[in-house]
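Raw contents of input-v9.tsv, TSV, C-alpha atoms:
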```tsv
chain	number	residue	atom	x	y	z
Y	1	MET	CA	77.22	71.19	44.51
Y	2	SER	CA	80.16	71.60	42.14
Y	3	ASP	CA	83.16	73.77	42.97
Y	4	ILE	CA	83.25	76.88	40.79
Y	5	ASN	CA	86.24	79.08	40.12
Y	6	LEU	CA	86.42	80.50	36.61
Y	7	GLU	CA	89.07	83.19	36.16
Y	8	LEU	CA	89.80	85.21	33.03
Y	9	ASN	CA	92.92	87.36	33.21
Y	10	LYS	CA	93.46	89.98	30.47
Y	11	VAL	CA	92.15	87.69	27.74
Y	12	SER	CA	92.55	89.06	24.21
Y	13	LYS	CA	91.94	87.77	20.70
Y	14	ARG	CA	93.09	89.46	17.54
Y	15	PHE	CA	92.16	88.47	13.98
Y	16	GLY	CA	94.67	90.31	11.83
Y	17	GLY	CA	93.95	93.99	12.43
Y	18	LEU	CA	90.70	93.33	14.32
Y	19	GLN	CA	90.83	93.29	18.12
Y	20	ALA	CA	87.83	91.03	18.75
Y	21	VAL	CA	88.42	90.65	22.49
Y	22	ASP	CA	90.47	93.25	24.33
Y	23	HIS	CA	92.04	92.40	27.72
Y	24	VAL	CA	88.89	91.01	29.34
Y	25	SER	CA	89.17	90.01	33.00
Y	26	PHE	CA	86.50	88.68	35.37
Y	27	THR	CA	85.91	85.82	37.79
Y	28	VAL	CA	83.00	83.53	38.59
Y	29	THR	CA	83.26	81.96	42.05
Y	30	GLU	CA	79.68	81.01	42.84
Y	31	PRO	CA	76.61	79.59	41.09
Y	32	GLN	CA	75.37	82.85	39.61
Y	33	LEU	CA	73.02	83.58	36.73
Y	34	ILE	CA	75.12	85.87	34.53
Y	35	GLY	CA	73.85	87.68	31.46
Y	36	MET	CA	76.36	88.70	28.80
Y	37	ILE	CA	75.15	91.50	26.55
Y	38	GLY	CA	76.49	94.01	24.06
Y	39	PRO	CA	75.87	95.27	20.53
Y	40	ASN	CA	76.49	93.13	17.48
Y	41	GLY	CA	80.20	92.59	17.00
Y	42	ALA	CA	80.98	93.32	20.66
Y	43	GLY	CA	82.96	90.08	21.04
Y	44	LYS	CA	80.45	87.97	22.98
Y	45	THR	CA	80.64	84.85	20.82
Y	46	THR	CA	84.40	85.18	20.39
Y	47	LEU	CA	84.82	85.34	24.15
Y	48	THR	CA	82.60	82.27	24.52
Y	49	ASN	CA	84.74	80.45	21.95
Y	50	LEU	CA	87.85	81.37	23.91
Y	51	MET	CA	86.40	80.08	27.17
Y	52	SER	CA	85.16	76.83	25.60
Y	53	GLY	CA	88.37	76.03	23.73
Y	54	THR	CA	87.09	76.62	20.19
Y	55	LEU	CA	89.59	79.47	19.87
Y	56	LYS	CA	92.98	80.09	21.49
Y	57	PRO	CA	93.61	83.53	23.02
Y	58	SER	CA	96.22	85.81	21.47
Y	59	SER	CA	97.18	86.67	25.05
Y	60	GLY	CA	95.89	86.25	28.60
Y	61	THR	CA	94.93	83.20	30.63
Y	62	ILE	CA	91.78	81.30	31.58
Y	63	TYR	CA	91.63	79.05	34.63
Y	64	LEU	CA	88.81	76.76	35.72
Y	65	ASN	CA	88.93	75.34	39.23
Y	66	GLY	CA	92.67	75.87	39.41
Y	67	ARG	CA	93.41	74.35	36.02
Y	68	ARG	CA	94.56	76.42	33.06
Y	69	ILE	CA	92.21	75.72	30.14
Y	70	ASP	CA	93.03	78.38	27.52
Y	71	GLY	CA	94.40	76.77	24.38
Y	72	HIS	CA	93.07	73.34	25.34
Y	73	PRO	CA	90.72	71.57	22.89
Y	74	PRO	CA	86.98	71.78	23.58
Y	75	TYR	CA	86.69	68.18	24.81
Y	76	ASP	CA	89.37	68.86	27.41
Y	77	VAL	CA	87.65	72.07	28.54
Y	78	THR	CA	84.36	70.16	28.82
Y	79	ARG	CA	85.98	67.50	30.97
Y	80	ALA	CA	87.39	70.27	33.17
Y	81	GLY	CA	83.81	71.40	33.86
Y	82	LEU	CA	82.79	74.08	31.33
Y	83	GLY	CA	80.08	73.32	28.78
Y	84	ARG	CA	78.36	75.48	26.18
Y	85	THR	CA	75.55	75.48	23.66
Y	86	PHE	CA	75.58	77.14	20.25
Y	87	GLN	CA	73.31	79.73	18.70
Y	88	ILE	CA	72.67	77.25	15.88
Y	89	THR	CA	71.83	73.89	17.44
Y	90	ARG	CA	74.11	70.92	16.72
Y	91	ALA	CA	71.93	67.92	17.45
Y	92	LEU	CA	72.70	64.78	15.40
Y	93	GLY	CA	69.79	64.80	12.95
Y	94	ARG	CA	69.82	61.11	12.01
Y	95	MET	CA	69.83	59.96	15.62
Y	96	THR	CA	66.87	59.76	17.96
Y	97	VAL	CA	66.49	62.12	20.89
Y	98	MET	CA	67.63	59.34	23.27
Y	99	GLU	CA	70.67	58.52	21.12
Y	100	ASN	CA	71.57	62.22	21.09
Y	101	MET	CA	71.47	62.21	24.88
Y	102	MET	CA	73.58	59.06	25.17
Y	103	VAL	CA	76.46	60.37	23.03
Y	104	PRO	CA	77.68	63.06	25.46
Y	105	GLY	CA	76.95	60.77	28.41
Y	106	LEU	CA	79.24	58.06	27.02
Y	107	ALA	CA	81.83	60.61	25.92
Y	108	HIS	CA	81.94	62.00	29.45
Y	109	ASN	CA	82.13	58.56	31.03
Y	110	PRO	CA	82.83	55.69	28.57
Y	111	ARG	CA	82.50	53.13	31.37
Y	112	ALA	CA	79.09	54.33	32.48
Y	113	ASN	CA	76.31	51.81	32.81
Y	114	ARG	CA	73.92	52.15	29.86
Y	115	MET	CA	70.82	51.74	32.01
Y	116	ASP	CA	72.04	54.46	34.35
Y	117	LEU	CA	72.63	56.79	31.40
Y	118	GLU	CA	69.19	56.08	29.99
Y	119	ALA	CA	67.62	56.77	33.38
Y	120	ARG	CA	69.52	60.06	33.62
Y	121	SER	CA	68.48	60.94	30.06
Y	122	HIS	CA	64.81	60.35	30.86
Y	123	GLU	CA	65.13	62.46	34.00
Y	124	ILE	CA	66.58	65.39	32.05
Y	125	LEU	CA	64.17	65.04	29.11
Y	126	ASN	CA	61.26	64.99	31.55
Y	127	LEU	CA	62.60	68.18	33.16
Y	128	LEU	CA	62.69	69.73	29.69
Y	129	THR	CA	59.15	68.48	28.90
Y	130	ILE	CA	60.30	66.53	25.83
Y	131	ASP	CA	60.47	63.01	27.27
Y	132	HIS	CA	57.60	62.05	24.96
Y	133	LEU	CA	59.95	62.63	22.00
Y	134	THR	CA	62.55	60.07	23.13
Y	135	ASN	CA	62.26	57.92	19.99
Y	136	GLU	CA	61.86	60.78	17.49
Y	137	LEU	CA	64.70	61.65	15.13
Y	138	SER	CA	66.13	64.98	16.22
Y	139	ARG	CA	65.79	66.39	12.69
Y	140	ALA	CA	62.00	66.07	13.08
Y	141	LEU	CA	61.95	68.40	16.09
Y	142	SER	CA	60.93	72.04	15.99
Y	143	GLY	CA	63.58	74.72	16.46
Y	144	GLY	CA	62.56	75.23	20.08
Y	145	GLN	CA	62.59	71.50	20.78
Y	146	ARG	CA	66.09	71.24	19.32
Y	147	LYS	CA	67.18	74.02	21.70
Y	148	LEU	CA	65.78	71.99	24.59
Y	149	LEU	CA	67.56	68.87	23.36
Y	150	GLU	CA	70.86	70.70	23.17
Y	151	LEU	CA	70.37	71.89	26.73
Y	152	GLY	CA	69.71	68.30	27.75
Y	153	ARG	CA	72.82	67.03	25.97
Y	154	LEU	CA	74.85	69.64	27.80
Y	155	LEU	CA	73.47	68.61	31.18
Y	156	MET	CA	74.56	65.01	30.51
Y	157	LEU	CA	78.15	66.33	30.77
Y	158	ASP	CA	77.47	67.69	34.28
Y	159	PRO	CA	79.53	70.91	33.89
Y	160	SER	CA	79.97	73.32	36.79
Y	161	VAL	CA	79.89	76.32	34.41
Y	162	ILE	CA	77.36	76.48	31.56
Y	163	ILE	CA	77.40	79.03	28.73
Y	164	LEU	CA	74.23	79.37	26.66
Y	165	ASP	CA	74.53	81.21	23.34
Y	166	GLU	CA	71.18	82.88	22.50
Y	167	PRO	CA	69.00	80.24	24.18
Y	168	PHE	CA	65.78	82.14	23.37
Y	169	ALA	CA	66.43	83.01	19.73
Y	170	GLY	CA	63.69	81.73	17.42
Y	171	VAL	CA	61.88	79.96	20.26
Y	172	HIS	CA	58.10	79.95	20.75
Y	173	PRO	CA	57.07	81.86	23.93
Y	174	ARG	CA	55.78	78.64	25.54
Y	175	LEU	CA	59.12	76.90	25.03
Y	176	GLN	CA	60.93	80.04	26.15
Y	177	ALA	CA	59.14	79.65	29.48
Y	178	THR	CA	60.32	76.03	29.63
Y	179	ILE	CA	63.92	77.08	28.95
Y	180	THR	CA	63.68	79.79	31.61
Y	181	ASP	CA	62.41	77.23	34.12
Y	182	TYR	CA	65.25	74.87	33.13
Y	183	ILE	CA	67.82	77.61	33.71
Y	184	HIS	CA	66.42	78.32	37.18
Y	185	ARG	CA	66.36	74.65	38.17
Y	186	VAL	CA	69.89	73.95	36.94
Y	187	HIS	CA	71.10	77.07	38.72
Y	188	GLU	CA	69.45	75.87	41.93
Y	189	ASP	CA	71.46	72.66	41.53
Y	190	GLY	CA	74.60	74.71	42.14
Y	191	LYS	CA	75.81	75.55	38.64
Y	192	ALA	CA	76.97	78.88	37.25
Y	193	ILE	CA	75.09	79.80	34.08
Y	194	MET	CA	76.25	82.52	31.70
Y	195	PHE	CA	73.96	83.32	28.81
Y	196	ILE	CA	74.26	85.57	25.79
Y	197	SER	CA	70.98	87.12	24.70
Y	198	HIS	CA	69.50	90.09	22.89
Y	199	ASN	CA	66.19	89.43	24.65
Y	200	MET	CA	66.42	92.20	27.24
Y	201	GLY	CA	63.27	91.08	29.01
Y	202	ALA	CA	64.77	87.64	29.64
Y	203	VAL	CA	68.14	89.14	30.51
Y	204	PHE	CA	66.79	91.39	33.27
Y	205	GLU	CA	64.34	88.75	34.50
Y	206	LEU	CA	67.01	86.05	34.89
Y	207	SER	CA	70.31	87.77	35.59
Y	208	GLU	CA	71.83	88.20	39.02
Y	209	ARG	CA	74.88	89.75	37.36
Y	210	LEU	CA	75.42	91.43	34.02
Y	211	ILE	CA	78.60	91.52	31.94
Y	212	VAL	CA	78.63	94.04	29.08
Y	213	LEU	CA	81.06	94.03	26.17
Y	214	ASN	CA	81.64	96.72	23.56
Y	215	HIS	CA	84.29	96.62	20.84
Y	216	GLY	CA	85.76	93.57	22.53
Y	217	ALA	CA	86.29	95.29	25.89
Y	218	LEU	CA	84.49	94.73	29.18
Y	219	ILE	CA	82.70	98.01	29.94
Y	220	ALA	CA	80.51	96.93	32.86
Y	221	ASP	CA	80.21	94.02	35.28
Y	222	GLY	CA	77.80	94.07	38.20
Y	223	GLU	CA	74.28	93.98	39.55
Y	224	PRO	CA	71.75	94.40	36.70
Y	225	SER	CA	70.03	97.55	37.98
Y	226	ALA	CA	73.38	99.31	38.40
Y	227	VAL	CA	74.61	98.17	34.99
Y	228	ARG	CA	71.35	99.25	33.39
Y	229	ASN	CA	71.97	102.82	34.56
Y	230	ASP	CA	75.66	102.91	33.67
Y	231	PRO	CA	76.16	105.77	31.16
Y	232	ALA	CA	78.73	103.75	29.21
Y	233	VAL	CA	76.27	100.87	28.81
Y	234	ILE	CA	73.41	103.17	27.82
Y	235	ASP	CA	75.58	104.84	25.22
Y	236	ALA	CA	76.99	101.60	23.83
Y	237	TYR	CA	73.89	99.42	23.84
Y	238	LEU	CA	70.76	99.98	25.89
Y	239	GLY	CA	70.13	103.51	24.68
Y	240	HIS	CA	70.00	102.48	21.02
Y	241	ASP	CA	67.72	100.23	19.02
Y	242	GLU	CA	69.16	96.83	18.13
Y	243	ASP	CA	68.61	95.34	14.71
Y	244	ASP	CA	69.57	91.79	15.74
```
Encoding of this model in structure tokens:
Amino acid sequence: MSDINLELNKVSKRFGGLQAVDHVSFTVTEPQLIGMIGPNGAGKTTLTNLMSGTLKPSSGTIYLNGRRIDGHPPYDVTRAGLGRTFQITRALGRMTVMENMMVPGLAHNPRANRMDLEARSHEILNLLTIDHLTNELSRALSGGQRKLLELGRLLMLDPSVIILDEPFAGVHPRLQATITDYIHRVHEDGKAIMFISHNMGAVFELSERLIVLNHGALIADGEPSAVRNDPAVIDAYLGHDEDD
């Protein structure tokens, strides 16, 4: 089981006059399933980009397992133990599914034995129920299958903290069940998983902890049933229809 200690301390991001993330602080010290929710424009993706190194905070600090990672490039953050997916999948379309799996494996460990990486790839692809697509070009996959492939590529990096950006968006219900099962099994392997989703059914089914953002600020952080009944959360998000 990987050590987990993710700490955000008053993290902020400003784009000109827009305060996209406003002094957000929280810690993750165990392999929890954490939902991150909030209305459109709440700062969820910006905060994910700050944690993963795509953006540099305007102020505040982010530590992972005792190492400061804010401002470091994404590849450095990944090597430190934090990996993320994207709402729009980024599989390499002209490569096969197996080749897509090998790229992050070799990037994570250039000296790795190829046969070992292939064996690990097959193990993950079998878990994701897409091992039969090993030799298919990734551009030939359905949207849901590409989501599964991106999850597999992420697992090849063996991060201790995983952030999933809208893992259920545009996914067939059958594949959604596969992704849900994947999340449970990876979590049971001792990893912290934080996921952004507007699918409230999936959020409340999966989450052990909920983080809620509104206008860039953290307005709630706790056990889902308590957060669900928080007046600030109801007013900002759950009490209104979403058009996402």
Restricting the calculation to only C-alpha atoms, which member of Y:Ile163, Y:Met98, Y:Ala177, Y:Leu50 is positioned closest to Y:Phe195?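 Counting only C-alpha atoms, the residue closest to Y:Phe195 is Y:Ile163.
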Can you pull out every residue within 8 Å of Y:Val161, counting only C-alpha atoms, but drop anything in the same chain fewer than 3 positions away, and send it as a ChimeraX atom specification? /Y:4,81-83,191-194
With distances taken over only C-alpha atoms, which of Y:Ala107, Y:Leu55, Y:Leu8, Y:Ala236 is nearest to Y:Ala42? Y:Ala236
With all atoms listed in the file as the atoms that count, which of Y:Gly43, Y:Gly53, Y:Gly17, Y:Pro110 lies nearest to Y:Arg68?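 Closest to Y:Arg68, using all atoms listed in the file: Y:Gly53.
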Which residues come within 9 Å of Y:Ile179, counting all atoms listed in the file, excluding same-chain residues fewer than 6 positions away, as a PyMOL selection string? chain Y and resi 128+147-148+151+167-168
Can you measure atom CA of Y:Leu210 to atom CA of Y:Ile37 for me? One decimal in Å is fine.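 Taking atom CA of Y:Leu210 and atom CA of Y:Ile37, their separation equals 7.5 Å.
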Record the distance separating atom CA of Y:Thr129 and atom CA of Y:Leu141, expressed in Å with one decimal.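 A separation of 13.1 Å between them.
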Residues within 12 Å of Y:His187, please, as a tab-separated table (two decimals) with C-alpha atoms, in the frame of the given file. Count all atoms listed in the file; anything in the same chain fewer than 4 positions from it doesn't count.
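Result file is part-v3.tsv:
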```tsv
chain	number	residue	atom	x	y	z
Y	1	MET	CA	77.22	71.19	44.51
Y	2	SER	CA	80.16	71.60	42.14
Y	30	GLU	CA	79.68	81.01	42.84
Y	31	PRO	CA	76.61	79.59	41.09
Y	32	GLN	CA	75.37	82.85	39.61
Y	33	LEU	CA	73.02	83.58	36.73
Y	34	ILE	CA	75.12	85.87	34.53
Y	155	LEU	CA	73.47	68.61	31.18
Y	159	PRO	CA	79.53	70.91	33.89
Y	160	SER	CA	79.97	73.32	36.79
Y	161	VAL	CA	79.89	76.32	34.41
Y	162	ILE	CA	77.36	76.48	31.56
Y	163	ILE	CA	77.40	79.03	28.73
Y	180	THR	CA	63.68	79.79	31.61
Y	181	ASP	CA	62.41	77.23	34.12
Y	182	TYR	CA	65.25	74.87	33.13
Y	183	ILE	CA	67.82	77.61	33.71
Y	191	LYS	CA	75.81	75.55	38.64
Y	192	ALA	CA	76.97	78.88	37.25
Y	193	ILE	CA	75.09	79.80	34.08
Y	194	MET	CA	76.25	82.52	31.70
Y	206	LEU	CA	67.01	86.05	34.89
Y	207	SER	CA	70.31	87.77	35.59
Y	208	GLU	CA	71.83	88.20	39.02
```
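Of note, atom CA of Y:Phe26 and atom CA of Y:Ala169 are spaced 26.1 Å apart.
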Of the listed residues Y:Leu218, Y:Ile234, Y:Ile69, Y:Leu164, that which approaches Y:Gly35 most closely, counting all atoms listed in the file: Y:Leu164
Which residue, Y:Ile196, Y:Ala217, Y:Leu137, Y:Leu117, has the smallest gap to Y:Thr45 when you use all atoms listed in the file? Y:Ile196
Of the residues Y:Val21, Y:Leu149, Y:Val212, Y:Val233, which is the one nearest to Y:Thr178, using all atoms listed in the file? Y:Leu149
Show me, as a count of residues only, the residues that have an atom within 12 Å of Y:Phe15 when counting all atoms listed in the file, minus same-chain residues fewer than 5 positions from it. 10
Please fill the gaps in stretch 124-140 of chain Y so it has N, CA, C and O atoms, and write that as a PDB file, in the frame of the given file.
```pdb
ATOM      1  N   ILE Y 124      66.326  64.071  32.623  1.00  0.00           N
ATOM      2  CA  ILE Y 124      66.580  65.390  32.050  1.00  0.00           C
ATOM      3  C   ILE Y 124      65.515  65.740  31.014  1.00  0.00           C
ATOM      4  O   ILE Y 124      64.998  66.865  30.981  1.00  0.00           O
ATOM      5  N   LEU Y 125      65.173  64.789  30.145  1.00  0.00           N
ATOM      6  CA  LEU Y 125      64.170  65.040  29.110  1.00  0.00           C
ATOM      7  C   LEU Y 125      62.809  65.342  29.732  1.00  0.00           C
ATOM      8  O   LEU Y 125      62.045  66.160  29.210  1.00  0.00           O
ATOM      9  N   ASN Y 126      62.508  64.701  30.855  1.00  0.00           N
ATOM     10  CA  ASN Y 126      61.260  64.990  31.550  1.00  0.00           C
ATOM     11  C   ASN Y 126      61.280  66.407  32.111  1.00  0.00           C
ATOM     12  O   ASN Y 126      60.284  67.145  32.028  1.00  0.00           O
ATOM     13  N   LEU Y 127      62.433  66.808  32.673  1.00  0.00           N
ATOM     14  CA  LEU Y 127      62.600  68.180  33.160  1.00  0.00           C
ATOM     15  C   LEU Y 127      62.357  69.183  32.041  1.00  0.00           C
ATOM     16  O   LEU Y 127      61.743  70.235  32.245  1.00  0.00           O
ATOM     17  N   LEU Y 128      62.807  68.839  30.835  1.00  0.00           N
ATOM     18  CA  LEU Y 128      62.690  69.730  29.690  1.00  0.00           C
ATOM     19  C   LEU Y 128      61.361  69.587  28.951  1.00  0.00           C
ATOM     20  O   LEU Y 128      61.154  70.247  27.925  1.00  0.00           O
ATOM     21  N   THR Y 129      60.486  68.723  29.452  1.00  0.00           N
ATOM     22  CA  THR Y 129      59.150  68.480  28.900  1.00  0.00           C
ATOM     23  C   THR Y 129      59.170  67.865  27.505  1.00  0.00           C
ATOM     24  O   THR Y 129      58.210  68.009  26.745  1.00  0.00           O
ATOM     25  N   ILE Y 130      60.245  67.163  27.151  1.00  0.00           N
ATOM     26  CA  ILE Y 130      60.300  66.530  25.830  1.00  0.00           C
ATOM     27  C   ILE Y 130      60.569  65.026  25.947  1.00  0.00           C
ATOM     28  O   ILE Y 130      61.030  64.397  24.994  1.00  0.00           O
ATOM     29  N   ASP Y 131      60.247  64.438  27.100  1.00  0.00           N
ATOM     30  CA  ASP Y 131      60.470  63.010  27.270  1.00  0.00           C
ATOM     31  C   ASP Y 131      59.598  62.192  26.316  1.00  0.00           C
ATOM     32  O   ASP Y 131      59.961  61.066  25.945  1.00  0.00           O
ATOM     33  N   HIS Y 132      58.476  62.756  25.895  1.00  0.00           N
ATOM     34  CA  HIS Y 132      57.600  62.050  24.960  1.00  0.00           C
ATOM     35  C   HIS Y 132      58.203  61.942  23.574  1.00  0.00           C
ATOM     36  O   HIS Y 132      57.701  61.199  22.716  1.00  0.00           O
ATOM     37  N   LEU Y 133      59.300  62.644  23.324  1.00  0.00           N
ATOM     38  CA  LEU Y 133      59.950  62.630  22.000  1.00  0.00           C
ATOM     39  C   LEU Y 133      61.177  61.725  21.970  1.00  0.00           C
ATOM     40  O   LEU Y 133      61.949  61.772  21.016  1.00  0.00           O
ATOM     41  N   THR Y 134      61.340  60.885  22.974  1.00  0.00           N
ATOM     42  CA  THR Y 134      62.550  60.070  23.130  1.00  0.00           C
ATOM     43  C   THR Y 134      62.934  59.335  21.854  1.00  0.00           C
ATOM     44  O   THR Y 134      64.117  59.280  21.500  1.00  0.00           O
ATOM     45  N   ASN Y 135      61.963  58.760  21.156  1.00  0.00           N
ATOM     46  CA  ASN Y 135      62.260  57.920  19.990  1.00  0.00           C
ATOM     47  C   ASN Y 135      62.167  58.664  18.666  1.00  0.00           C
ATOM     48  O   ASN Y 135      62.323  58.046  17.600  1.00  0.00           O
ATOM     49  N   GLU Y 136      61.932  59.979  18.709  1.00  0.00           N
ATOM     50  CA  GLU Y 136      61.860  60.780  17.490  1.00  0.00           C
ATOM     51  C   GLU Y 136      63.279  61.104  16.989  1.00  0.00           C
ATOM     52  O   GLU Y 136      64.194  61.323  17.791  1.00  0.00           O
ATOM     53  N   LEU Y 137      63.438  61.156  15.669  1.00  0.00           N
ATOM     54  CA  LEU Y 137      64.700  61.650  15.130  1.00  0.00           C
ATOM     55  C   LEU Y 137      64.815  63.136  15.444  1.00  0.00           C
ATOM     56  O   LEU Y 137      63.837  63.872  15.343  1.00  0.00           O
ATOM     57  N   SER Y 138      65.994  63.581  15.811  1.00  0.00           N
ATOM     58  CA  SER Y 138      66.130  64.980  16.220  1.00  0.00           C
ATOM     59  C   SER Y 138      65.856  65.934  15.064  1.00  0.00           C
ATOM     60  O   SER Y 138      65.426  67.063  15.293  1.00  0.00           O
ATOM     61  N   ARG Y 139      66.057  65.495  13.829  1.00  0.00           N
ATOM     62  CA  ARG Y 139      65.790  66.390  12.690  1.00  0.00           C
ATOM     63  C   ARG Y 139      64.297  66.665  12.520  1.00  0.00           C
ATOM     64  O   ARG Y 139      63.908  67.593  11.812  1.00  0.00           O
ATOM     65  N   ALA Y 140      63.449  65.865  13.176  1.00  0.00           N
ATOM     66  CA  ALA Y 140      62.000  66.070  13.080  1.00  0.00           C
ATOM     67  C   ALA Y 140      61.495  67.053  14.127  1.00  0.00           C
ATOM     68  O   ALA Y 140      60.319  67.423  14.108  1.00  0.00           O
TER      69      ALA Y 140
END
```
